[in-house]
>>> print(open('structure20.txt').read())   # compact mmCIF, C-alpha atoms
# COMPACT_ATOMS: atom_id res chain seq x y z
CA MET A 1 215.70 35.24 214.18
CA ASN A 2 213.31 34.69 211.28
CA SER A 3 213.17 37.20 208.45
CA GLU A 4 210.31 37.53 206.00
CA PRO A 5 211.05 37.72 202.25
CA GLU A 6 211.59 41.12 200.66
CA ASP A 7 208.17 40.95 198.96
CA GLY A 8 206.52 40.94 202.40
CA SER A 9 205.00 37.47 202.13
CA LEU A 10 204.55 35.50 205.35
CA LEU A 11 203.78 32.23 203.56
CA ARG A 12 205.04 31.19 200.14
CA VAL A 13 204.13 27.94 198.36
CA GLU A 14 206.16 27.04 195.26
CA GLY A 15 205.42 24.17 192.87
CA LEU A 16 203.80 21.98 195.53
CA LYS A 17 202.83 18.47 194.40
CA LYS A 18 201.10 15.56 196.10
CA ALA A 19 199.91 12.33 194.47
CA PHE A 20 198.30 9.28 196.06
CA PRO A 21 199.35 5.99 194.40
CA LEU A 22 196.56 3.52 193.65
CA LYS A 23 196.82 -0.13 194.56
CA GLN A 24 197.46 -2.17 191.43
CA PRO A 25 195.62 -5.40 190.64
CA VAL A 26 197.89 -8.44 190.57
CA ILE A 27 197.38 -8.88 186.82
CA ASP A 28 198.60 -5.30 186.17
CA VAL A 29 201.71 -5.97 188.25
CA LEU A 30 202.41 -9.17 186.31
CA LEU A 31 201.94 -7.33 183.03
CA ARG A 32 204.23 -4.56 184.31
CA LYS A 33 201.70 -1.85 183.66
CA PRO A 34 202.71 1.57 185.03
CA ALA A 35 201.32 2.40 188.45
CA LEU A 36 198.49 4.94 188.57
CA ALA A 37 198.14 7.79 191.04
CA VAL A 38 195.63 10.47 191.95
CA LYS A 39 197.29 13.84 191.36
CA ALA A 40 195.60 15.76 194.16
CA VAL A 41 197.94 18.77 194.13
CA ASP A 42 199.94 19.34 190.96
CA GLY A 43 202.31 22.29 190.97
CA VAL A 44 200.51 24.85 193.15
CA SER A 45 202.20 28.19 193.82
CA LEU A 46 200.78 31.03 195.93
CA SER A 47 201.81 33.54 198.58
CA MET A 48 200.19 35.32 201.52
CA ARG A 49 201.07 38.54 203.31
CA ARG A 50 200.91 38.88 207.09
CA GLY A 51 197.39 39.70 208.31
CA GLU A 52 195.78 38.69 205.02
CA THR A 53 192.82 36.34 204.57
CA LEU A 54 193.08 34.28 201.39
CA GLY A 55 190.08 32.31 200.18
CA LEU A 56 190.66 28.99 198.43
CA VAL A 57 187.72 27.86 196.29
CA GLY A 58 186.89 25.13 193.80
CA GLU A 59 184.68 22.11 193.28
CA SER A 60 184.82 19.14 195.64
CA GLY A 61 187.83 16.94 194.92
CA CYS A 62 189.96 19.67 193.34
CA GLY A 63 192.68 19.32 196.01
CA LYS A 64 191.92 22.17 198.44
CA SER A 65 192.14 20.14 201.65
CA THR A 66 195.17 18.18 200.45
CA LEU A 67 196.95 21.45 199.70
CA ALA A 68 196.14 22.68 203.21
CA ARG A 69 197.49 19.51 204.81
CA CYS A 70 200.66 19.67 202.71
CA ILE A 71 201.29 23.28 203.74
CA LEU A 72 201.25 22.18 207.40
CA ARG A 73 203.05 18.92 206.56
CA LEU A 74 200.20 16.83 207.92
CA GLU A 75 200.72 15.22 204.51
CA GLU A 76 204.26 15.05 203.14
CA PRO A 77 204.42 16.77 199.73
CA ASP A 78 206.11 14.89 196.90
CA ALA A 79 207.76 18.00 195.49
CA GLY A 80 207.82 21.74 195.89
CA LYS A 81 208.58 24.13 198.71
CA VAL A 82 206.67 25.80 201.55
CA THR A 83 208.35 28.81 203.15
CA PHE A 84 207.04 30.45 206.33
CA GLU A 85 208.79 33.58 207.64
CA GLY A 86 211.66 32.81 205.29
CA GLN A 87 212.14 29.25 206.60
CA ASP A 88 211.65 26.19 204.40
CA ILE A 89 209.14 23.99 206.24
CA THR A 90 209.59 21.08 203.82
CA ARG A 91 213.19 20.63 204.99
CA MET A 92 212.53 20.75 208.74
CA ASN A 93 213.16 17.72 210.94
CA LYS A 94 210.59 16.53 213.49
CA ARG A 95 211.92 18.67 216.33
CA GLU A 96 211.98 21.83 214.20
CA LEU A 97 208.52 21.06 212.82
CA ARG A 98 207.12 20.63 216.34
CA GLN A 99 208.31 24.14 217.18
CA GLN A 100 206.90 25.47 213.91
CA ARG A 101 203.46 24.01 214.66
CA LYS A 102 202.97 26.62 217.37
CA LYS A 103 202.84 29.26 214.64
CA MET A 104 200.64 27.33 212.19
CA GLN A 105 197.32 25.74 213.15
CA ILE A 106 194.25 24.28 211.42
CA ILE A 107 190.52 24.34 212.13
CA PHE A 108 189.01 21.17 210.71
CA GLN A 109 185.75 20.78 208.84
CA ASP A 110 184.05 18.31 211.14
CA PRO A 111 183.86 19.39 214.80
CA TYR A 112 182.39 15.98 215.69
CA SER A 113 185.50 14.02 214.72
CA SER A 114 188.25 16.58 215.40
CA LEU A 115 187.77 16.56 219.19
CA ASN A 116 188.66 13.62 221.43
CA PRO A 117 185.33 12.44 222.94
CA ARG A 118 187.13 10.92 225.95
CA MET A 119 188.78 14.15 227.05
CA SER A 120 187.06 17.02 228.82
CA ILE A 121 187.54 20.50 227.42
CA ARG A 122 189.85 21.28 230.34
CA GLU A 123 192.02 18.22 229.61
CA MET A 124 192.09 18.93 225.88
CA LEU A 125 193.25 22.52 226.23
CA GLU A 126 195.61 21.80 229.13
CA GLU A 127 197.34 19.19 226.99
CA VAL A 128 197.97 21.76 224.24
CA LEU A 129 199.28 24.37 226.69
CA THR A 130 201.50 21.84 228.45
CA VAL A 131 202.99 20.13 225.40
CA HIS A 132 203.90 23.44 223.77
CA ARG A 133 204.86 25.14 227.07
CA ILE A 134 202.68 28.16 226.32
CA CYS A 135 202.41 29.46 229.89
CA PRO A 136 203.59 28.59 233.43
CA PRO A 137 201.47 25.99 235.30
CA ALA A 138 200.12 28.68 237.65
CA GLN A 139 198.62 30.56 234.69
CA VAL A 140 196.98 27.60 232.93
CA ALA A 141 193.57 27.99 234.57
CA SER A 142 193.29 31.68 233.68
CA ARG A 143 194.47 30.97 230.13
CA LEU A 144 191.78 28.28 229.72
CA ALA A 145 189.08 30.71 230.84
CA GLU A 146 190.46 33.37 228.49
CA LEU A 147 190.39 31.02 225.50
CA LEU A 148 186.80 29.94 226.13
CA GLU A 149 185.60 33.51 226.58
CA MET A 150 187.44 34.49 223.40
CA VAL A 151 185.30 32.07 221.36
CA GLY A 152 182.04 32.91 223.15
CA MET A 153 181.96 29.96 225.56
CA SER A 154 181.53 30.06 229.34
CA PRO A 155 184.50 28.95 231.46
CA ASP A 156 181.97 26.96 233.52
CA THR A 157 181.78 24.45 230.64
CA MET A 158 185.43 23.36 230.70
CA ASP A 159 184.78 20.18 232.68
CA ARG A 160 182.21 18.93 230.16
CA PHE A 161 182.94 16.56 227.26
CA PRO A 162 182.58 17.26 223.51
CA GLY A 163 179.49 15.04 223.24
CA GLU A 164 177.60 17.41 225.53
CA PHE A 165 177.87 20.33 223.09
CA SER A 166 176.07 21.27 219.86
CA GLY A 167 177.87 21.35 216.50
CA GLY A 168 178.39 25.11 216.63
CA GLN A 169 179.76 24.92 220.17
CA ARG A 170 182.13 22.13 219.19
CA GLN A 171 183.47 24.23 216.34
CA ARG A 172 184.03 27.09 218.79
CA LEU A 173 186.01 24.66 220.95
CA GLY A 174 188.02 23.62 217.90
CA ILE A 175 188.83 27.28 217.28
CA ALA A 176 189.84 27.70 220.94
CA ARG A 177 192.20 24.73 220.65
CA ALA A 178 193.80 26.23 217.52
CA LEU A 179 194.25 29.59 219.28
CA ALA A 180 195.72 28.05 222.43
CA VAL A 181 199.28 28.13 221.06
CA ASP A 182 199.09 31.80 219.93
CA PRO A 183 199.48 30.99 216.22
CA GLU A 184 200.29 33.53 213.52
CA PHE A 185 198.74 31.54 210.67
CA ILE A 186 195.52 29.51 210.64
CA ILE A 187 193.98 27.29 207.98
CA ALA A 188 190.19 27.11 208.24
CA ASP A 189 189.22 24.04 206.19
CA GLU A 190 185.50 24.30 205.40
CA PRO A 191 184.86 25.28 209.04
CA VAL A 192 181.09 25.78 208.70
CA SER A 193 180.05 23.31 205.99
CA SER A 194 178.81 20.72 208.52
CA LEU A 195 176.85 23.25 210.59
CA ASP A 196 173.26 24.45 210.37
CA VAL A 197 172.78 27.55 208.26
CA SER A 198 171.55 29.44 211.35
CA ILE A 199 174.90 28.77 213.08
CA GLN A 200 177.21 29.36 210.12
CA ALA A 201 177.00 33.16 210.25
CA GLN A 202 177.91 33.16 213.96
CA ILE A 203 181.08 31.14 213.35
CA ILE A 204 182.05 33.19 210.29
CA ASN A 205 181.65 36.44 212.21
CA LEU A 206 183.62 34.98 215.14
CA LEU A 207 186.51 34.06 212.83
CA ALA A 208 186.46 37.51 211.23
CA ASP A 209 186.53 39.18 214.66
CA LEU A 210 189.39 36.97 215.86
CA GLN A 211 191.36 37.61 212.68
CA ARG A 212 191.18 41.36 213.29
CA LEU A 213 191.71 41.13 217.07
CA LEU A 214 194.76 38.84 216.88
CA SER A 215 196.11 40.01 213.48
CA LEU A 216 195.97 36.45 212.18
CA THR A 217 196.88 35.37 208.67
CA VAL A 218 194.13 33.02 207.48
CA LEU A 219 193.78 30.57 204.59
CA PHE A 220 190.02 30.08 204.38
CA ILE A 221 188.85 27.05 202.37
CA SER A 222 185.23 26.94 201.26
CA HIS A 223 182.96 25.96 198.38
CA ASP A 224 180.48 28.70 199.40
CA LEU A 225 181.37 31.77 197.37
CA ARG A 226 179.08 34.00 199.42
CA ILE A 227 181.22 33.32 202.50
CA ILE A 228 184.44 33.81 200.55
CA ARG A 229 183.25 37.20 199.30
CA HIS A 230 182.35 38.30 202.83
CA ILE A 231 185.44 37.23 204.76
CA THR A 232 188.50 37.28 202.43
CA ASP A 233 190.92 39.84 201.00
CA CYS A 234 192.11 37.71 198.07
CA VAL A 235 190.89 34.55 196.33
CA ALA A 236 192.70 31.61 194.72
CA VAL A 237 190.62 29.38 192.45
CA MET A 238 191.63 25.70 192.19
CA TYR A 239 190.75 23.24 189.46
CA LEU A 240 192.04 19.65 189.23
CA GLY A 241 195.00 20.19 191.54
CA THR A 242 196.17 23.55 190.19
CA VAL A 243 195.45 27.22 190.87
CA VAL A 244 193.96 28.78 187.73
CA GLU A 245 193.33 32.33 188.98
CA MET A 246 194.35 34.58 191.89
CA ALA A 247 193.08 38.11 192.50
CA GLN A 248 191.76 40.58 195.05
CA THR A 249 188.33 39.42 196.19
CA GLY A 250 186.37 42.40 194.87
CA ALA A 251 188.14 42.36 191.51
CA LEU A 252 187.63 38.63 191.03
CA PHE A 253 183.91 38.75 191.78
CA ASP A 254 183.41 41.85 189.63
CA ARG A 255 185.35 40.56 186.63
CA PRO A 256 186.71 36.98 186.53
CA TYR A 257 189.42 36.35 183.94
CA HIS A 258 189.43 32.54 183.78
CA PRO A 259 186.52 30.65 182.14
CA TYR A 260 186.28 28.30 185.11
CA THR A 261 186.03 31.19 187.56
CA THR A 262 183.31 32.70 185.37
CA VAL A 263 181.12 29.61 185.41
CA LEU A 264 181.88 28.91 189.08
CA LEU A 265 180.53 32.33 190.01
CA ALA A 266 177.56 31.91 187.69
CA ALA A 267 176.71 28.57 189.30
CA ALA A 268 176.69 29.98 192.83
CA PRO A 269 173.18 30.23 194.33
CA ALA A 270 171.81 33.76 194.49
CA LEU A 271 170.19 35.11 197.65
CA ASP A 272 167.62 37.09 195.62
CA PRO A 273 165.02 34.62 194.21
CA ARG A 274 164.50 36.89 191.20
CA ALA A 275 168.19 36.53 190.28
CA ARG A 276 168.29 32.74 190.46
CA ARG A 277 168.92 30.75 187.30
CA LYS A 278 167.39 27.43 186.44
CA GLU A 279 170.29 26.25 184.32
CA TYR A 280 173.52 25.02 185.89
CA ALA A 281 176.46 26.99 184.58
CA ILE A 282 179.14 24.26 184.55
CA GLU A 283 178.55 21.48 182.06
CA GLY A 284 179.86 17.95 182.50
CA GLU A 285 181.95 16.33 185.22
CA PRO A 286 185.60 17.18 185.96
CA PRO A 287 188.10 14.83 184.27
CA SER A 288 189.66 12.14 186.42
CA PRO A 289 192.68 13.30 188.46
CA ILE A 290 194.17 9.90 187.61
CA ASN A 291 194.16 10.58 183.86
CA LEU A 292 194.41 14.34 183.38
CA PRO A 293 193.57 15.76 179.94
CA ARG A 294 196.32 17.05 177.71
CA GLY A 295 196.68 20.82 177.40
CA CYS A 296 194.44 23.01 179.54
CA ARG A 297 192.71 20.88 182.18
CA PHE A 298 189.48 22.81 181.83
CA HIS A 299 189.20 22.53 178.04
CA PRO A 300 186.76 19.53 178.03
CA ARG A 301 184.20 21.75 179.81
CA CYS A 302 185.13 25.15 178.36
CA VAL A 303 182.95 26.79 175.68
CA MET A 304 185.96 28.88 174.57
CA ALA A 305 188.34 25.93 174.04
CA THR A 306 190.36 25.83 170.82
CA ALA A 307 192.93 23.46 169.36
CA LYS A 308 195.62 25.36 171.27
CA CYS A 309 193.81 24.68 174.56
CA ARG A 310 193.68 20.96 173.79
CA GLU A 311 197.39 20.75 173.03
CA GLU A 312 199.21 23.36 175.12
CA GLU A 313 198.89 23.78 178.88
CA PRO A 314 198.72 27.50 179.78
CA SER A 315 201.18 28.88 182.32
CA MET A 316 200.22 31.10 185.23
CA ARG A 317 200.96 34.71 184.29
CA GLN A 318 200.28 38.18 185.62
CA VAL A 319 197.71 39.95 183.45
CA GLU A 320 197.43 43.06 185.63
CA PRO A 321 198.69 44.15 189.06
CA GLY A 322 197.45 41.68 191.69
CA ARG A 323 195.93 39.31 189.12
CA MET A 324 197.40 35.95 188.06
CA VAL A 325 195.61 33.77 185.49
CA SER A 326 196.32 30.46 183.78
CA CYS A 327 194.42 30.76 180.48
CA HIS A 328 195.42 31.32 176.83
CA PHE A 329 192.49 33.69 176.27
CA SER A 330 192.00 35.43 179.62
CA ASN A 331 191.67 38.80 177.83
CA LYS A 332 188.53 37.52 176.08
CA VAL A 333 186.73 36.01 179.06
CA SER A 334 185.08 39.14 180.48
>>> encode(input="structure20.txt", output="structure tokens")
Amino acid sequence: MNSEPEDGSLLRVEGLKKAFPLKQPVIDVLLRKPALAVKAVDGVSLSMRRGETLGLVGESGCGKSTLARCILRLEEPDAGKVTFEGQDITRMNKRELRQQRKKMQIIFQDPYSSLNPRMSIREMLEEVLTVHRICPPAQVASRLAELLEMVGMSPDTMDRFPGEFSGGQRQRLGIARALAVDPEFIIADEPVSSLDVSIQAQIINLLADLQRLLSLTVLFISHDLRIIRHITDCVAVMYLGTVVEMAQTGALFDRPYHPYTTVLLAAAPALDPRARRKEYAIEGEPPSPINLPRGCRFHPRCVMATAKCREEEPSMRQVEPGRMVSCHFSNKVS
């Protein structure tokens, strides 16, 4: 029987790392130059309580999706530890991991490529139910109808193929597939970024309703801060492979403590035209994840950077209850 840690966390990530080696030119190999690698995830630690929705935000390329895939072991992490219900997922063999996958599912960004175009919806969902032995064969048909109705689709559509549906409908089908195994934890990786704006709110509201109805724990990845503010309980901000700030959603939006969080919020588009700014709040491009800067990774773009920031990498520390920040001068940001 699984037992959750004493702190009540369902999921705990500790020091997770993932790098992707680059192919070396022949001349570099002959000259014995050190191999280069993209440090996509570099020492990430976070935790989630049961029933919580945690938002993961940051610029494109900061490592959000790689972190998600490492948590589920769709990508094998290079170092670190992922614990779910007190069990270390990173040490599980293939058989144990297959059983664990019933509890942990992912909703992918692109509903066009995440569904098999050669399988009908009935075949796709039946395969999931059969492989994981979710229900007896006599109950499969009723379970399929239940899943489709749960995501706002008619059971009459189950013999159609993915190509016959719109983008929003396909994403609903992707959600149904994730729910088919009765998971406890779901990662939603940019689930609405490829959809029309008119459809995005419907999918967001559906996910929020399902989270409450099924008491799901959700890691919600998005670059849209308006969505994050609406749907999450807590927020983790990523920059160049690391988490630089974690806080309750309301507290983070009201008063960010890290300079990157401050400019990220300032750069977000405002719904009120009178509140929109012409200037872009974040200056410059992020440094290369192949050659990370010394000291604080944000210092080349930070207006508050000092010599200490350029030489010494700040550690993640608790600055108040429920607030973790990685900055030498977090008390001066707000």
>>> residues_around(input="structure20.txt", residues="stretch 161-167 of chain A", least_positions_apart="2", cutoff="6 Å", atoms="all atoms listed in the file", output="list in words")
Pro117, Ser120, Gln169 and Arg170 of chain A
>>> closest_residue(input="structure20.txt", among="A:Ile71, A:Val192, A:Ile203, A:Leu36", to="A:Leu16", atoms="all atoms listed in the file")
A:Ile71
>>> closest_atom_pairs(input="structure20.txt", of="stretch 172-265 of chain A", to="stretch 41-48 of chain A", cutoff="7 Å", atoms="only C-alpha atoms", output="CSV")
residue,atom,partner,partner_atom,distance
A:Gly241,CA,A:Val41,CA,4.2
A:Thr242,CA,A:Val44,CA,5.4
A:Val243,CA,A:Val44,CA,6.0
>>> write_last_selection(input="structure20.txt", atoms="C-alpha atoms", output="compact mmCIF listing (two decimals), in the coordinates of the input")
# COMPACT_ATOMS: atom_id res chain seq x y z
CA GLY A 241 195.00 20.19 191.54
CA THR A 242 196.17 23.55 190.19
CA VAL A 243 195.45 27.22 190.87
>>> atom_distance(input="structure20.txt", atom1="atom CA of A:Glu285", atom2="atom CA of A:Val237")
17.3 Å
>>> atom_distance(input="structure20.txt", atom1="atom CA of A:Met92", atom2="atom CA of A:Met104")
14.0 Å
>>> residues_around(input="structure20.txt", residues="stretch 59-68 of chain A", least_positions_apart="5", cutoff="8 Å", atoms="all atoms listed in the file", output="number ranges by chain")
A: 18, 40-41, 75, 187, 189, 221, 223, 238-242
>>> atom_distance(input="structure20.txt", atom1="atom CA of A:Leu11", atom2="atom CA of A:Arg49")
6.9 Å
>>> residues_near_point(input="structure20.txt", point="(182.2, 34.3, 201.4)", cutoff="12 Å", atoms="all atoms listed in the file", output="MDAnalysis selection string")
chainID A and resid 53:57 190 192 200:201 204:205 208 220:235 249:250 253 265 268
>>> residues_around(input="structure20.txt", residues="stretch 304-315 of chain A", least_positions_apart="2", cutoff="9 Å", atoms="all atoms listed in the file", output="number ranges by chain")
A: 259, 293-302, 317, 325-329, 333
